[in-house]
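What follows is model.txt (compact mmCIF, C-alpha atoms).
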# COMPACT_ATOMS: atom_id res chain seq x y z
CA MET C 24 0.00 0.00 0.00
CA SER C 25 1.05 3.57 -0.64
CA ASP C 26 -0.18 6.92 0.65
CA SER C 27 1.16 8.77 -2.41
CA LEU C 28 -0.22 9.00 -5.94
CA VAL C 29 1.82 10.61 -8.74
CA ILE C 30 -0.33 11.84 -11.64
CA ILE C 31 1.37 12.24 -15.01
CA PRO C 32 -0.61 13.57 -18.01
CA THR C 33 0.67 12.31 -21.35
CA TYR C 34 0.27 13.06 -25.02
CA ASN C 35 2.82 11.43 -27.33
CA GLU C 36 5.28 10.54 -24.58
CA ARG C 37 6.16 7.04 -25.77
CA GLU C 38 9.86 7.98 -25.77
CA ASN C 39 9.79 8.85 -22.07
CA ILE C 40 7.08 6.92 -20.28
CA SER C 41 8.76 3.51 -19.87
CA ARG C 42 11.86 5.01 -18.30
CA MET C 43 9.77 7.32 -16.12
CA VAL C 44 7.78 4.40 -14.71
CA GLU C 45 10.95 2.44 -13.98
CA VAL C 46 12.64 5.38 -12.25
CA VAL C 47 9.65 6.29 -10.06
CA PHE C 48 9.14 2.70 -8.99
CA GLY C 49 12.84 2.46 -8.19
CA LEU C 50 12.60 5.19 -5.52
CA SER C 51 12.72 4.35 -1.82
CA GLN C 52 9.17 5.66 -1.30
CA PRO C 53 6.53 3.28 -2.73
CA PHE C 54 4.70 5.75 -4.95
CA HIS C 55 1.75 4.73 -7.09
CA LEU C 56 1.47 6.14 -10.62
CA LEU C 57 -1.59 7.26 -12.59
CA ILE C 58 -0.95 8.00 -16.25
CA VAL C 59 -3.68 10.19 -17.77
CA ASP C 60 -3.30 9.73 -21.51
CA ASP C 61 -5.21 11.83 -24.02
CA GLY C 62 -5.41 9.28 -26.83
CA SER C 63 -1.74 9.59 -27.82
CA PRO C 64 -1.41 8.54 -31.48
CA ASP C 65 2.17 7.39 -30.83
CA GLY C 66 0.92 4.51 -28.65
CA THR C 67 1.81 5.86 -25.21
CA GLY C 68 -1.25 4.13 -23.77
CA ASP C 69 -0.18 0.79 -25.27
CA VAL C 70 3.22 1.11 -23.61
CA VAL C 71 1.60 1.78 -20.24
CA ARG C 72 -0.74 -1.20 -20.61
CA GLY C 73 2.27 -3.40 -21.28
CA LEU C 74 3.99 -2.12 -18.14
CA GLN C 75 0.86 -2.76 -16.07
CA ARG C 76 1.51 -6.49 -16.39
CA ARG C 77 4.70 -5.95 -14.38
CA PHE C 78 3.23 -3.43 -11.92
CA PRO C 79 -0.46 -4.37 -11.66
CA ASP C 80 -1.06 -2.81 -8.25
CA ARG C 81 1.05 0.34 -8.60
CA LEU C 82 0.62 1.50 -12.20
CA HIS C 83 -2.76 2.80 -13.34
CA LEU C 84 -3.98 4.21 -16.65
CA LEU C 85 -6.81 6.65 -17.28
CA GLU C 86 -7.45 7.05 -21.02
CA ARG C 87 -9.33 9.99 -22.50
CA SER C 88 -10.46 10.68 -26.05
CA GLY C 89 -8.23 13.37 -27.52
CA LYS C 90 -6.40 16.40 -26.17
CA LEU C 91 -8.62 17.84 -23.45
CA GLY C 92 -6.07 20.04 -21.69
CA LEU C 93 -3.52 19.76 -18.91
CA GLY C 94 -5.84 21.12 -16.26
CA THR C 95 -8.68 18.70 -16.94
CA ALA C 96 -6.18 15.82 -16.98
CA TYR C 97 -5.06 16.66 -13.47
CA LEU C 98 -8.59 17.26 -12.23
CA ASP C 99 -9.71 13.89 -13.61
CA GLY C 100 -6.66 12.35 -11.95
CA PHE C 101 -7.48 13.97 -8.62
CA ARG C 102 -11.07 12.75 -8.80
CA TRP C 103 -9.89 9.24 -9.65
CA GLY C 104 -7.39 9.20 -6.78
CA LEU C 105 -9.74 10.66 -4.17
CA ALA C 106 -12.29 7.94 -4.94
CA ARG C 107 -9.83 5.05 -4.65
CA PRO C 108 -9.95 2.66 -1.67
CA GLU C 109 -6.22 3.18 -1.06
CA GLY C 110 -7.05 6.45 0.68
CA TYR C 111 -4.12 8.37 -0.78
CA ARG C 112 -2.91 11.21 1.46
CA TYR C 113 -0.61 12.94 -1.03
CA PHE C 114 -1.23 13.75 -4.68
CA PHE C 115 1.58 14.78 -7.00
CA GLU C 116 1.74 16.52 -10.37
CA MET C 117 4.74 15.75 -12.55
CA ASP C 118 5.72 15.92 -16.23
CA ALA C 119 6.60 12.79 -18.19
CA ASP C 120 9.62 14.29 -19.95
CA PHE C 121 12.16 14.29 -17.07
CA SER C 122 12.16 18.07 -16.81
CA HIS C 123 11.20 17.22 -13.22
CA THR C 124 13.66 14.96 -11.39
CA PRO C 125 11.68 11.97 -10.01
CA ALA C 126 13.86 11.75 -6.88
CA ASP C 127 12.53 15.17 -5.86
CA LEU C 128 9.14 13.55 -5.27
CA ILE C 129 10.53 12.39 -1.93
CA ARG C 130 11.47 15.94 -0.94
CA LEU C 131 8.05 17.30 -1.92
CA ARG C 132 6.34 14.59 0.11
CA ALA C 133 8.56 15.31 3.10
CA ALA C 134 7.56 18.98 3.02
CA CYS C 135 3.94 17.91 3.55
CA HIS C 136 4.41 14.76 5.62
CA ASP C 137 7.22 15.92 7.92
CA GLY C 138 6.96 19.69 7.55
CA ASN C 139 4.15 22.22 7.78
CA ALA C 140 3.17 22.36 4.11
CA ASP C 141 -0.31 21.66 2.83
CA VAL C 142 0.95 22.29 -0.70
CA ALA C 143 4.58 21.77 -1.73
CA VAL C 144 5.80 23.49 -4.89
CA GLY C 145 8.88 22.29 -6.77
CA SER C 146 10.24 25.78 -7.34
CA ARG C 147 12.73 26.97 -9.93
CA TYR C 148 12.86 30.51 -8.62
CA THR C 149 13.15 30.16 -4.86
CA LYS C 150 16.61 30.16 -3.26
CA GLY C 151 18.48 27.05 -4.39
CA GLY C 152 16.27 26.47 -7.45
CA ALA C 153 17.63 26.51 -11.01
CA VAL C 154 16.84 25.98 -14.69
CA GLU C 155 19.09 23.99 -17.03
CA ASN C 156 19.26 23.71 -20.83
CA TRP C 157 16.42 26.13 -21.48
CA PRO C 158 16.80 28.70 -24.30
CA MET C 159 16.90 32.28 -23.09
CA ASP C 160 13.51 33.16 -24.57
CA ARG C 161 11.82 30.40 -22.52
CA ILE C 162 13.59 31.54 -19.35
CA VAL C 163 12.49 35.13 -19.92
CA LEU C 164 8.91 34.02 -20.69
CA SER C 165 8.69 31.77 -17.63
CA TYR C 166 10.25 34.20 -15.17
CA GLY C 167 8.24 37.07 -16.63
CA ALA C 168 5.02 35.07 -16.24
CA SER C 169 5.89 34.34 -12.61
CA LEU C 170 6.60 38.00 -11.88
CA TYR C 171 3.42 39.11 -13.67
CA THR C 172 1.36 36.62 -11.67
CA ARG C 173 2.82 37.69 -8.35
CA ILE C 174 2.20 41.38 -9.09
CA VAL C 175 -1.38 40.94 -10.32
CA THR C 176 -2.59 38.40 -7.74
CA GLY C 177 -0.43 39.37 -4.76
CA MET C 178 0.35 35.69 -4.28
CA PRO C 179 3.75 35.33 -2.53
CA VAL C 180 4.79 32.20 -4.45
CA LYS C 181 7.99 32.78 -6.41
CA ASP C 182 7.20 30.07 -8.98
CA PRO C 183 3.41 30.23 -9.39
CA THR C 184 3.49 28.54 -12.82
CA ALA C 185 5.38 25.51 -11.49
CA GLY C 186 3.91 22.14 -12.46
CA PHE C 187 5.83 19.91 -10.03
CA MET C 188 3.57 19.74 -6.99
CA CYS C 189 2.42 17.84 -3.94
CA TYR C 190 -1.08 18.43 -2.56
CA SER C 191 -2.18 16.98 0.74
CA ARG C 192 -5.59 15.34 0.59
CA PRO C 193 -7.49 18.00 2.63
CA VAL C 194 -6.52 20.67 0.09
CA LEU C 195 -8.11 18.82 -2.80
CA GLU C 196 -11.14 17.81 -0.75
CA ALA C 197 -11.74 21.47 0.12
CA MET C 198 -11.73 22.58 -3.52
CA ASN C 199 -14.71 22.73 -5.84
CA PHE C 200 -13.12 21.42 -9.03
CA SER C 201 -16.05 22.64 -11.12
CA GLU C 202 -14.97 26.22 -10.35
CA ILE C 203 -11.46 25.71 -11.78
CA GLN C 204 -11.66 27.36 -15.22
CA CYS C 205 -8.14 27.25 -16.69
CA ILE C 206 -7.13 24.16 -18.66
CA GLY C 207 -3.62 25.07 -19.86
CA TYR C 208 -0.58 26.08 -17.83
CA ALA C 209 -2.64 28.79 -16.11
CA PHE C 210 -4.27 25.87 -14.31
CA GLN C 211 -1.17 25.68 -12.13
CA ILE C 212 -1.61 29.31 -11.10
CA GLU C 213 -5.32 28.90 -10.41
CA MET C 214 -4.79 25.84 -8.21
CA LYS C 215 -2.20 27.62 -6.04
CA PHE C 216 -4.37 30.74 -5.88
CA THR C 217 -7.38 28.66 -4.81
CA ALA C 218 -5.41 26.75 -2.16
CA ARG C 219 -4.15 30.02 -0.69
CA ARG C 220 -7.63 31.56 -0.66
CA LEU C 221 -8.83 28.50 1.27
CA GLY C 222 -6.18 29.16 3.93
CA PHE C 223 -3.73 26.36 3.18
CA ASN C 224 0.02 26.75 3.66
CA ILE C 225 2.11 26.72 0.48
CA VAL C 226 5.83 25.91 0.79
CA GLU C 227 8.37 26.13 -2.04
CA VAL C 228 10.99 23.38 -2.33
CA PRO C 229 13.97 24.29 -4.56
CA ILE C 230 14.44 22.07 -7.60
CA THR C 231 16.50 22.08 -10.78
CA PHE C 232 14.28 22.12 -13.85
CA THR C 233 15.86 20.55 -16.95
CA ASP C 234 14.54 20.97 -20.48
CA ARG C 235 13.11 17.80 -22.02
CA ILE C 236 15.50 15.49 -23.86
CA ALA C 237 12.96 13.52 -25.91
CA GLY C 238 9.57 14.42 -27.36
CA ASN C 239 8.11 17.81 -28.23
CA SER C 240 7.09 20.75 -26.07
CA LYS C 241 3.33 21.37 -25.74
CA MET C 242 3.72 25.17 -25.32
CA HIS C 243 1.91 27.35 -27.87
CA LYS C 244 0.44 30.85 -28.18
CA SER C 245 -3.06 29.97 -26.99
CA ILE C 246 -1.62 28.68 -23.70
CA ILE C 247 0.22 31.96 -23.16
CA LYS C 248 -2.93 33.97 -23.95
CA GLU C 249 -4.98 31.89 -21.50
CA ALA C 250 -2.38 32.48 -18.79
CA VAL C 251 -2.38 36.25 -19.26
CA LEU C 252 -6.18 36.55 -19.23
CA GLY C 253 -6.60 33.86 -16.58
CA VAL C 254 -4.46 35.74 -14.08
CA LEU C 255 -6.55 38.87 -14.61
CA ARG C 256 -9.72 36.85 -13.97
CA LEU C 257 -8.24 35.52 -10.73
CA ARG C 258 -7.48 39.05 -9.61
CA TRP C 259 -11.03 40.13 -10.40
CA ARG C 260 -12.44 37.13 -8.55
Turn this file's structure into structure tokens for me.
Amino acid sequence: MSDSLVIIPTYNERENISRMVEVVFGLSQPFHLLIVDDGSPDGTGDVVRGLQRRFPDRLHLLERSGKLGLGTAYLDGFRWGLARPEGYRYFFEMDADFSHTPADLIRLRAACHDGNADVAVGSRYTKGGAVENWPMDRIVLSYGASLYTRIVTGMPVKDPTAGFMCYSRPVLEAMNFSEIQCIGYAFQIEMKFTARRLGFNIVEVPITFTDRIAGNSKMHKSIIKEAVLGVLRLRWR
């Protein structure tokens, strides 16, 4: 049994998913994995089903029909995990492309389990955090988005767009998922904003973010537009 569920949304991550599963299951903490796949045409779902024969009790697959957005993938994953008989206490968000170091899952969990965090953020921009192998334009865009978000919302999180997270169960149970409107990367901002409004303690854990080695980035202009407008909506709300 495990008290920790790691949720990984995928779309065309066949090149990464096998290794990711192996690495996570090789950690000292017995994490469970839920892969939320949006009908990847490259056969990511088929790879996961093959791996389930080796890890029948720890590896789970939730398949959806087509690209429905990062935010809805995580929300569906949270709903799935909260309803499970395992009674998971900690829910993690992580990318499939190794931009997030799987070993840092243990540090995020410790911030909630052993520390005073209700939400632990794997932060690039807090003291000790770093970014590797990113082109300068992506660094400027990411840091600028974080600064913009902090100014507009007043939220004191240095990396509000971070997607490497640990939520304790009470945080997710307190949220009304139907009120979460953003489906792209602005989803990460809205979730932190909502947790803070509900009175939960957010702690940033420094990580090193590394640009993906295999596969293609999912960033595009519509995601950036949603983030800009989404932050303004949060401020208004």
Quick one: residues within 9 Å of range 95-110 of chain C, all atoms listed in the file, excluding same-chain residues fewer than 3 positions away - as a compact mmCIF listing (two decimals) with C-alpha atoms, in the coordinates of the input?
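After the write, part.txt holds the following:
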# COMPACT_ATOMS: atom_id res chain seq x y z
CA MET C 24 0.00 0.00 0.00
CA SER C 25 1.05 3.57 -0.64
CA ASP C 26 -0.18 6.92 0.65
CA LEU C 28 -0.22 9.00 -5.94
CA ILE C 30 -0.33 11.84 -11.64
CA ILE C 31 1.37 12.24 -15.01
CA PRO C 32 -0.61 13.57 -18.01
CA THR C 33 0.67 12.31 -21.35
CA LEU C 57 -1.59 7.26 -12.59
CA ILE C 58 -0.95 8.00 -16.25
CA VAL C 59 -3.68 10.19 -17.77
CA ASP C 60 -3.30 9.73 -21.51
CA ASP C 61 -5.21 11.83 -24.02
CA LEU C 85 -6.81 6.65 -17.28
CA ARG C 87 -9.33 9.99 -22.50
CA LEU C 91 -8.62 17.84 -23.45
CA GLY C 92 -6.07 20.04 -21.69
CA PHE C 114 -1.23 13.75 -4.68
CA GLU C 116 1.74 16.52 -10.37
CA ARG C 192 -5.59 15.34 0.59
CA LEU C 195 -8.11 18.82 -2.80
CA GLU C 196 -11.14 17.81 -0.75
CA PHE C 200 -13.12 21.42 -9.03
CA ILE C 203 -11.46 25.71 -11.78
CA CYS C 205 -8.14 27.25 -16.69
CA ILE C 206 -7.13 24.16 -18.66
CA GLY C 207 -3.62 25.07 -19.86
CA PHE C 210 -4.27 25.87 -14.31
Please provide as a PDB file with C-alpha atoms, keeping the file's coordinate frame all residues within 12 Å of Phe78 in chain C, with the sequence filter that same-chain residues fewer than 5 positions apart are discarded (counting only C-alpha atoms).
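And here's out-v9.pdb as it stands now:
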ATOM      1  CA  SER C  41       8.760   3.510 -19.870  1.00  0.00           C
ATOM      2  CA  VAL C  44       7.780   4.400 -14.710  1.00  0.00           C
ATOM      3  CA  GLU C  45      10.950   2.440 -13.980  1.00  0.00           C
ATOM      4  CA  VAL C  47       9.650   6.290 -10.060  1.00  0.00           C
ATOM      5  CA  PHE C  48       9.140   2.700  -8.990  1.00  0.00           C
ATOM      6  CA  GLY C  49      12.840   2.460  -8.190  1.00  0.00           C
ATOM      7  CA  PRO C  53       6.530   3.280  -2.730  1.00  0.00           C
ATOM      8  CA  PHE C  54       4.700   5.750  -4.950  1.00  0.00           C
ATOM      9  CA  HIS C  55       1.750   4.730  -7.090  1.00  0.00           C
ATOM     10  CA  LEU C  56       1.470   6.140 -10.620  1.00  0.00           C
ATOM     11  CA  LEU C  57      -1.590   7.260 -12.590  1.00  0.00           C
ATOM     12  CA  VAL C  71       1.600   1.780 -20.240  1.00  0.00           C
ATOM     13  CA  ARG C  72      -0.740  -1.200 -20.610  1.00  0.00           C
ATOM     14  CA  GLY C  73       2.270  -3.400 -21.280  1.00  0.00           C
ATOM     15  CA  HIS C  83      -2.760   2.800 -13.340  1.00  0.00           C
ATOM     16  CA  LEU C  84      -3.980   4.210 -16.650  1.00  0.00           C
TER      17      LEU C  84
END
Q: To one decimal in Å, tell me the separation between CA of Pro125 in chain C and CA of Leu50 in chain C.
A: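 That distance, rounded to one decimal, is 8.2 Å.
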List every residue of range 38-148 of chain C that has an atom at most 8 Å from any atom of range 217-235 of chain C, and for each one report the closest atom pair and its distance in Å to one decimal, counting only C-alpha atoms, with rows sorted by chain and then by increasing residue number, as a tab-separated table.
residue	atom	partner	partner_atom	distance
C:Asp120	CA	C:Arg235	CA	5.4
C:Phe121	CA	C:Arg235	CA	6.1
C:Ser122	CA	C:Thr233	CA	4.5
C:His123	CA	C:Phe232	CA	5.8
C:Thr124	CA	C:Phe232	CA	7.6
C:Asp127	CA	C:Ile230	CA	7.4
C:Arg130	CA	C:Val228	CA	7.6
C:Leu131	CA	C:Val228	CA	6.8
C:Ala134	CA	C:Val226	CA	7.5
C:Asn139	CA	C:Asn224	CA	7.4
C:Ala140	CA	C:Asn224	CA	5.4
C:Asp141	CA	C:Asn224	CA	5.2
C:Val142	CA	C:Ile225	CA	4.7
C:Ala143	CA	C:Val226	CA	5.0
C:Val144	CA	C:Glu227	CA	4.7
C:Gly145	CA	C:Val228	CA	5.0
C:Ser146	CA	C:Pro229	CA	4.9
C:Arg147	CA	C:Ile230	CA	5.7
C:Tyr148	CA	C:Pro229	CA	7.5
Can I get the selection written as a PDB file, keeping the file's coordinate frame, with C-alpha atoms?
ATOM      1  CA  ASP C 120       9.620  14.290 -19.950  1.00  0.00           C
ATOM      2  CA  PHE C 121      12.160  14.290 -17.070  1.00  0.00           C
ATOM      3  CA  SER C 122      12.160  18.070 -16.810  1.00  0.00           C
ATOM      4  CA  HIS C 123      11.200  17.220 -13.220  1.00  0.00           C
ATOM      5  CA  THR C 124      13.660  14.960 -11.390  1.00  0.00           C
ATOM      6  CA  ASP C 127      12.530  15.170  -5.860  1.00  0.00           C
ATOM      7  CA  ARG C 130      11.470  15.940  -0.940  1.00  0.00           C
ATOM      8  CA  LEU C 131       8.050  17.300  -1.920  1.00  0.00           C
ATOM      9  CA  ALA C 134       7.560  18.980   3.020  1.00  0.00           C
ATOM     10  CA  ASN C 139       4.150  22.220   7.780  1.00  0.00           C
ATOM     11  CA  ALA C 140       3.170  22.360   4.110  1.00  0.00           C
ATOM     12  CA  ASP C 141      -0.310  21.660   2.830  1.00  0.00           C
ATOM     13  CA  VAL C 142       0.950  22.290  -0.700  1.00  0.00           C
ATOM     14  CA  ALA C 143       4.580  21.770  -1.730  1.00  0.00           C
ATOM     15  CA  VAL C 144       5.800  23.490  -4.890  1.00  0.00           C
ATOM     16  CA  GLY C 145       8.880  22.290  -6.770  1.00  0.00           C
ATOM     17  CA  SER C 146      10.240  25.780  -7.340  1.00  0.00           C
ATOM     18  CA  ARG C 147      12.730  26.970  -9.930  1.00  0.00           C
ATOM     19  CA  TYR C 148      12.860  30.510  -8.620  1.00  0.00           C
TER      20      TYR C 148
END
Q: Work out how far CA of Tyr208 in chain C is from CA of Val163 in chain C, in Å to one decimal.
A: 16.0 Å
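Here CA of Val194 in chain C is placed at a distance of 18.9 Å from CA of Asp182 in chain C.
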Q: Could you check which of C:Leu93, C:Asn156, C:Met198, C:Ser191 is closest to Phe216 in chain C, using only C-alpha atoms?
A: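 Answer, going by the shortest atom-to-atom distance: C:Met198.
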Q) In terms of the shortest atom-to-atom distance over all atoms listed in the file, which of C:Gln204, C:Ser27, C:Tyr111, C:Lys215 is closest to Ile129 in chain C? A)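 Answer, going by the shortest atom-to-atom distance: C:Ser27.
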**Q.** Among listed residues C:Val46, C:Leu74, C:Ala209, C:Val29, nearest Phe115 in chain C (using all atoms listed in the file)
**A.** C:Val29
Q | C:Gly89, C:Arg132, C:Lys181, C:Asp118 ranked by distance to Lys150 in chain C, top pick (using all atoms listed in the file) | A |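 Looking at the shortest contact to Lys150 in chain C, the residue is C:Lys181.
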Q.
With distances taken over only C-alpha atoms, which residue among C:Ser88, C:Thr184, C:Ser165, C:Ser201 lies nearest Glu213 in chain C?
A.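 Looking at the shortest contact to Glu213 in chain C, the residue is C:Thr184.
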